[in-house]
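> File name my_file09.cif; file contents mmCIF, C-alpha atoms; full text below.
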data_input
loop_
_atom_site.label_atom_id
_atom_site.label_comp_id
_atom_site.auth_asym_id
_atom_site.auth_seq_id
_atom_site.Cartn_x
_atom_site.Cartn_y
_atom_site.Cartn_z
CA MET A 645 -120.41 173.82 -0.05
CA GLU A 646 -118.60 176.21 -2.40
CA PHE A 647 -116.48 179.15 -1.23
CA LYS A 648 -113.67 181.49 -2.22
CA PRO A 649 -110.58 182.48 -0.25
CA SER A 650 -110.77 185.59 1.90
CA GLY A 651 -109.71 188.95 0.46
CA LYS A 652 -107.02 188.91 3.13
CA LEU A 653 -105.12 186.45 0.93
CA ILE A 654 -104.46 189.35 -1.48
CA THR A 655 -103.26 191.43 1.48
CA LYS A 656 -100.91 188.60 2.44
CA SER A 657 -99.56 188.55 -1.11
CA TRP A 658 -98.97 192.32 -0.98
CA LEU A 659 -97.10 191.87 2.30
CA ASN A 660 -94.96 189.14 0.72
CA LEU A 661 -94.10 191.47 -2.19
CA ILE A 662 -93.23 194.27 0.22
CA SER A 663 -90.99 191.87 2.19
CA ILE A 664 -89.16 190.84 -0.98
CA THR A 665 -88.79 194.51 -1.97
CA LEU A 666 -87.26 195.32 1.42
CA LEU A 667 -84.89 192.37 1.10
CA ILE A 668 -83.71 193.62 -2.31
CA VAL A 669 -83.14 197.12 -0.86
CA VAL A 670 -81.14 195.66 2.06
CA ILE A 671 -78.98 193.65 -0.35
CA ALA A 672 -78.42 196.77 -2.46
CA PHE A 673 -77.46 198.73 0.66
CA VAL A 674 -74.95 196.04 1.67
CA LEU A 675 -73.47 196.20 -1.84
CA TYR A 676 -73.39 199.98 -1.47
CA LEU A 677 -71.12 199.63 1.59
CA PHE A 678 -68.53 197.34 -0.04
CA PRO A 679 -67.08 199.66 -2.74
CA ALA A 680 -66.36 202.31 -0.13
CA LEU A 681 -63.62 199.99 1.12
CA ASP A 682 -61.99 199.60 -2.31
CA SER A 683 -60.40 202.74 -3.75
CA GLU A 684 -60.00 201.34 -7.30
CA ILE A 685 -63.74 201.40 -8.07
CA ASP A 686 -65.38 204.62 -9.24
CA PHE A 687 -67.74 204.95 -6.30
CA ALA A 688 -70.15 207.47 -7.85
CA GLU A 689 -70.63 205.40 -11.02
CA PHE A 690 -71.09 202.18 -9.04
CA ILE A 691 -73.75 203.77 -6.81
CA HIS A 692 -75.53 205.22 -9.83
CA TYR A 693 -75.80 201.80 -11.51
CA LEU A 694 -76.52 199.95 -8.26
CA TRP A 695 -79.60 202.02 -7.44
CA TRP A 696 -80.87 202.02 -11.03
CA ILE A 697 -80.55 198.21 -11.21
CA THR A 698 -82.26 197.91 -7.82
CA PHE A 699 -85.10 200.22 -8.88
CA LEU A 700 -85.62 198.41 -12.21
CA LEU A 701 -85.54 194.99 -10.51
CA ILE A 702 -88.19 196.04 -7.99
CA LEU A 703 -90.33 197.70 -10.67
CA ALA A 704 -90.19 194.60 -12.90
CA MET A 705 -91.05 192.35 -9.96
CA TRP A 706 -94.13 194.43 -9.08
CA LEU A 707 -95.30 194.88 -12.68
CA ILE A 708 -95.08 191.16 -13.38
CA SER A 709 -96.13 189.53 -10.13
CA ALA A 710 -98.85 191.87 -8.83
CA PRO A 711 -101.35 191.37 -11.72
CA ILE A 712 -100.67 187.62 -11.83
CA MET A 713 -101.16 187.35 -8.08
CA ILE A 714 -104.46 189.27 -8.14
CA LEU A 715 -105.87 187.29 -11.08
CA TRP A 716 -104.79 183.96 -9.52
CA ILE A 717 -106.54 184.71 -6.23
CA LYS A 718 -109.69 186.07 -7.92
CA ASN A 719 -109.99 182.84 -9.97
CA LEU A 720 -109.38 180.57 -6.98
CA SER A 721 -112.37 178.78 -5.45
CA TYR A 722 -113.02 175.63 -3.48
CA SER A 723 -115.89 173.18 -3.28
CA ILE A 724 -116.35 170.49 -0.65
CA GLU A 725 -118.70 167.78 -1.85
CA ASP A 726 -119.82 164.54 -0.20
CA ASP A 727 -117.06 162.44 -1.74
CA ARG A 728 -114.40 164.94 -2.85
CA ILE A 729 -112.74 168.31 -2.55
CA VAL A 730 -112.63 170.36 -5.76
CA ILE A 731 -110.17 173.21 -6.29
CA HIS A 732 -110.81 175.60 -9.20
CA LYS A 733 -107.73 177.61 -10.18
CA GLY A 734 -105.86 179.16 -13.06
CA ILE A 735 -105.59 182.35 -15.08
CA LEU A 736 -105.23 181.47 -18.75
CA THR A 737 -105.66 177.73 -18.31
CA LYS A 738 -108.49 176.84 -15.96
CA ILE A 739 -107.83 173.80 -13.78
CA LYS A 740 -110.45 171.82 -11.87
CA GLN A 741 -108.61 169.61 -9.41
CA ASN A 742 -110.64 166.75 -7.87
CA ILE A 743 -109.31 165.14 -4.71
CA PRO A 744 -111.50 162.19 -3.60
CA PHE A 745 -111.85 161.69 0.16
CA ARG A 746 -111.00 158.00 -0.26
CA MET A 747 -107.50 159.05 -1.47
CA ILE A 748 -106.88 161.62 1.29
CA THR A 749 -104.67 160.50 4.17
CA ASP A 750 -104.39 163.71 6.20
CA PHE A 751 -104.97 167.43 6.41
CA MET A 752 -102.26 169.80 7.65
CA LEU A 753 -103.09 173.23 9.00
CA GLU A 754 -100.57 175.91 7.97
CA ARG A 755 -100.43 179.46 9.32
CA SER A 756 -97.48 181.65 8.45
CA LEU A 757 -96.55 184.82 10.33
CA TYR A 758 -98.67 186.94 7.97
CA ASP A 759 -101.54 184.42 8.19
CA ARG A 760 -101.62 184.72 11.97
CA TRP A 761 -101.42 188.51 11.78
CA LEU A 762 -104.30 188.67 9.27
CA GLY A 763 -106.40 185.97 10.95
CA ILE A 764 -106.41 183.49 8.06
CA GLY A 765 -105.07 179.98 7.55
CA SER A 766 -104.42 177.33 4.92
CA ILE A 767 -105.15 173.62 4.88
CA LYS A 768 -102.86 171.32 2.91
CA ILE A 769 -104.39 168.09 1.58
CA GLN A 770 -102.18 165.01 1.70
CA THR A 771 -103.00 161.94 -0.37
CA ALA A 772 -101.60 158.42 -0.42
CA GLY A 773 -98.71 158.68 -2.85
CA GLN A 774 -100.68 160.72 -5.37
CA SER A 775 -98.88 164.05 -5.04
CA GLN A 776 -97.04 165.20 -8.13
CA ASN A 777 -95.11 167.95 -6.37
CA SER A 778 -92.17 167.76 -3.99
CA SER A 779 -94.12 169.04 -0.97
CA GLY A 780 -96.07 165.78 -0.69
CA TYR A 781 -99.41 167.58 -0.72
CA GLU A 782 -101.97 167.23 -3.47
CA GLY A 783 -103.78 170.50 -2.90
CA LYS A 784 -104.07 173.52 -0.66
CA LEU A 785 -107.05 175.51 0.56
CA SER A 786 -105.55 178.98 1.13
CA GLY A 787 -106.94 182.15 2.67
CA LEU A 788 -109.53 180.55 4.96
CA MET A 789 -111.15 182.78 7.59
CA GLU A 790 -112.70 179.95 9.63
CA TRP A 791 -109.71 177.68 9.14
CA ASP A 792 -109.99 175.88 12.49
CA LYS A 793 -113.65 174.96 12.00
CA MET A 794 -112.98 173.89 8.39
CA HIS A 795 -110.03 171.76 9.51
CA GLU A 796 -112.20 169.93 12.06
CA GLU A 797 -115.03 169.42 9.54
CA LEU A 798 -112.64 167.97 6.96
CA ARG A 799 -111.07 165.64 9.53
CA ALA A 800 -114.55 164.45 10.57
CA LYS A 801 -115.51 163.86 6.93
CA LEU A 802 -112.25 161.94 6.40
CA ALA A 803 -112.98 159.74 9.44
CA GLN A 804 -116.52 159.10 8.17
CA THR A 805 -115.14 158.13 4.74
CA GLU A 806 -112.60 155.76 6.31
CA LYS A 807 -115.38 154.05 8.34
CA SER A 808 -117.58 153.59 5.27
CA VAL A 809 -114.65 152.11 3.32
CA GLU A 810 -113.89 149.68 6.17
CA LYS A 811 -117.58 148.72 6.39
CA SER A 812 -117.81 148.03 2.65
CA VAL A 813 -114.70 145.85 2.84
CA GLN A 814 -116.07 143.89 5.82
CA GLU A 815 -119.49 143.33 4.27
CA PRO A 816 -119.04 141.65 0.89
CA LYS A 817 -121.89 142.08 -1.57
CA GLY A 818 -123.39 140.09 -4.42
CA SER A 819 -121.21 137.36 -5.88
CA LEU A 820 -118.45 137.96 -3.32
CA ALA A 821 -120.89 137.11 -0.54
CA GLU A 822 -121.90 133.93 -2.37
CA ILE A 823 -118.26 132.91 -2.86
CA LEU A 824 -117.58 133.52 0.83
CA THR A 825 -120.58 131.38 1.78
CA GLU A 826 -119.35 128.55 -0.49
CA LEU A 827 -115.84 128.76 0.96
CA LYS A 828 -117.25 128.51 4.47
CA LYS A 829 -119.26 125.39 3.44
CA ILE A 830 -116.14 123.80 1.93
CA SER A 831 -114.17 124.62 5.06
CA ARG A 832 -116.83 122.97 7.26
CA ILE A 833 -116.90 119.86 5.05
CA LEU A 834 -113.10 119.58 5.21
CA GLU A 835 -113.14 119.97 8.99
CA GLU A 836 -115.80 117.21 9.30
CA ARG A 837 -113.70 114.85 7.11
CA LYS A 838 -110.66 115.36 9.34
CA LYS A 839 -112.63 114.14 12.36
#
Hey, can you dump this file as structure tokens for me?

Amino acid sequence: MEFKPSGKLITKSWLNLISITLLIVVIAFVLYLFPALDSEIDFAEFIHYLWWITFLLILAMWLISAPIMILWIKNLSYSIEDDRIVIHKGILTKIKQNIPFRMITDFMLERSLYDRWLGIGSIKIQTAGQSQNSSGYEGKLSGLMEWDKMHEELRAKLAQTEKSVEKSVQEPKGSLAEILTELKKISRILEERKK
């Protein structure tokens, strides 16, 4: 099953950029209030530079991050196969990240304030000591519309994989089965000699 994140993920990214913009404006306004208390600073010149720096900072942030954000989300796709989850991502360098079910230990559902407002969710994929980032998660399926259903399906698939791994460990095959049979014979012979 192959799918892409919802278009609402781009909306969430826009909302994040707007939030950061508002935070920068609030910080600039707080800085605007401080020189009024100090009579040694040329207030008009300070305000002139403060608002120009604020404007240029916000403009640079939008010009750099908005195109990157849009391209990243448009190139993001997920594939859930029988034995693995595949995440396709990247802008200039395309990355195909394979996460085998046998390595997955858990799935964590994540819904931020904007996620809940937009009706989307993300599922973080945790593996057994394989993560190369500080969050402890190997991958993330972001912008999912049917996040709850997907979360349950992935958990069921993980449980099925764990059962099949346990079954293969309990039922030795080929030469391992022959060695086990021989060891059982030796054990019986040793028990008979003790009697």
> May I have the protein, DNA and RNA residues with any atom at most 12 Å from the point (-105.2, 180.4, -13.0), counting all atoms listed in the file, written as number ranges by chain?
A: 711-721, 731-741
> From the options A:Leu701, A:Gly763, A:Pro744, A:Tyr758, which residue's atoms come nearest to Ile724 in chain A, counting all atoms listed in the file?
A:Pro744
> If the PyMOL selection byres ((chain A and resi 656) around 12) is run on the structure shown, which residues does it catch, given as an NGL selection string?
:A and (649-655 or 657-663 or 710 or 713-714 or 717 or 755-765 or 786-787)
> Calculate how many Å separate CA of Asp727 in chain A from CA of Asn742 in chain A, rounding to one decimal.
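Going from CA of Asp727 in chain A over to CA of Asn742 in chain A covers 9.9 Å.
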> Enter the distance from CA of Asp750 in chain A to CA of Arg799 in chain A, in Å, rounded to one decimal.
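Answer for the CA of Asp750 in chain A to CA of Arg799 in chain A separation: 7.7 Å.
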> Between A:Ala803, A:Gly783, A:Leu694, A:Val730, which residue has the minimum interatomic distance to Arg746 in chain A, considering only C-alpha atoms?
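Looking at the shortest contact to Arg746 in chain A, the residue is A:Ala803.
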> What does the PyMOL selection byres ((chain A and resi 769) around 9) select in this file, as a list in words?
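Expected selection for the PyMOL selection byres ((chain A and resi 769) around 9) here is Ile743, Ile748, Thr749, Asp750, Phe751, Met752, Ile767, Lys768, Gln770, Thr771, Gly780, Tyr781, Glu782, Gly783, Lys784 and Leu785 of chain A.
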> From the options A:Ser723, A:Thr825, A:Gln804, A:Ser831, which residue's atoms come nearest to Glu646 in chain A, counting all atoms listed in the file?
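Looking at the shortest contact to Glu646 in chain A, the residue is A:Ser723.
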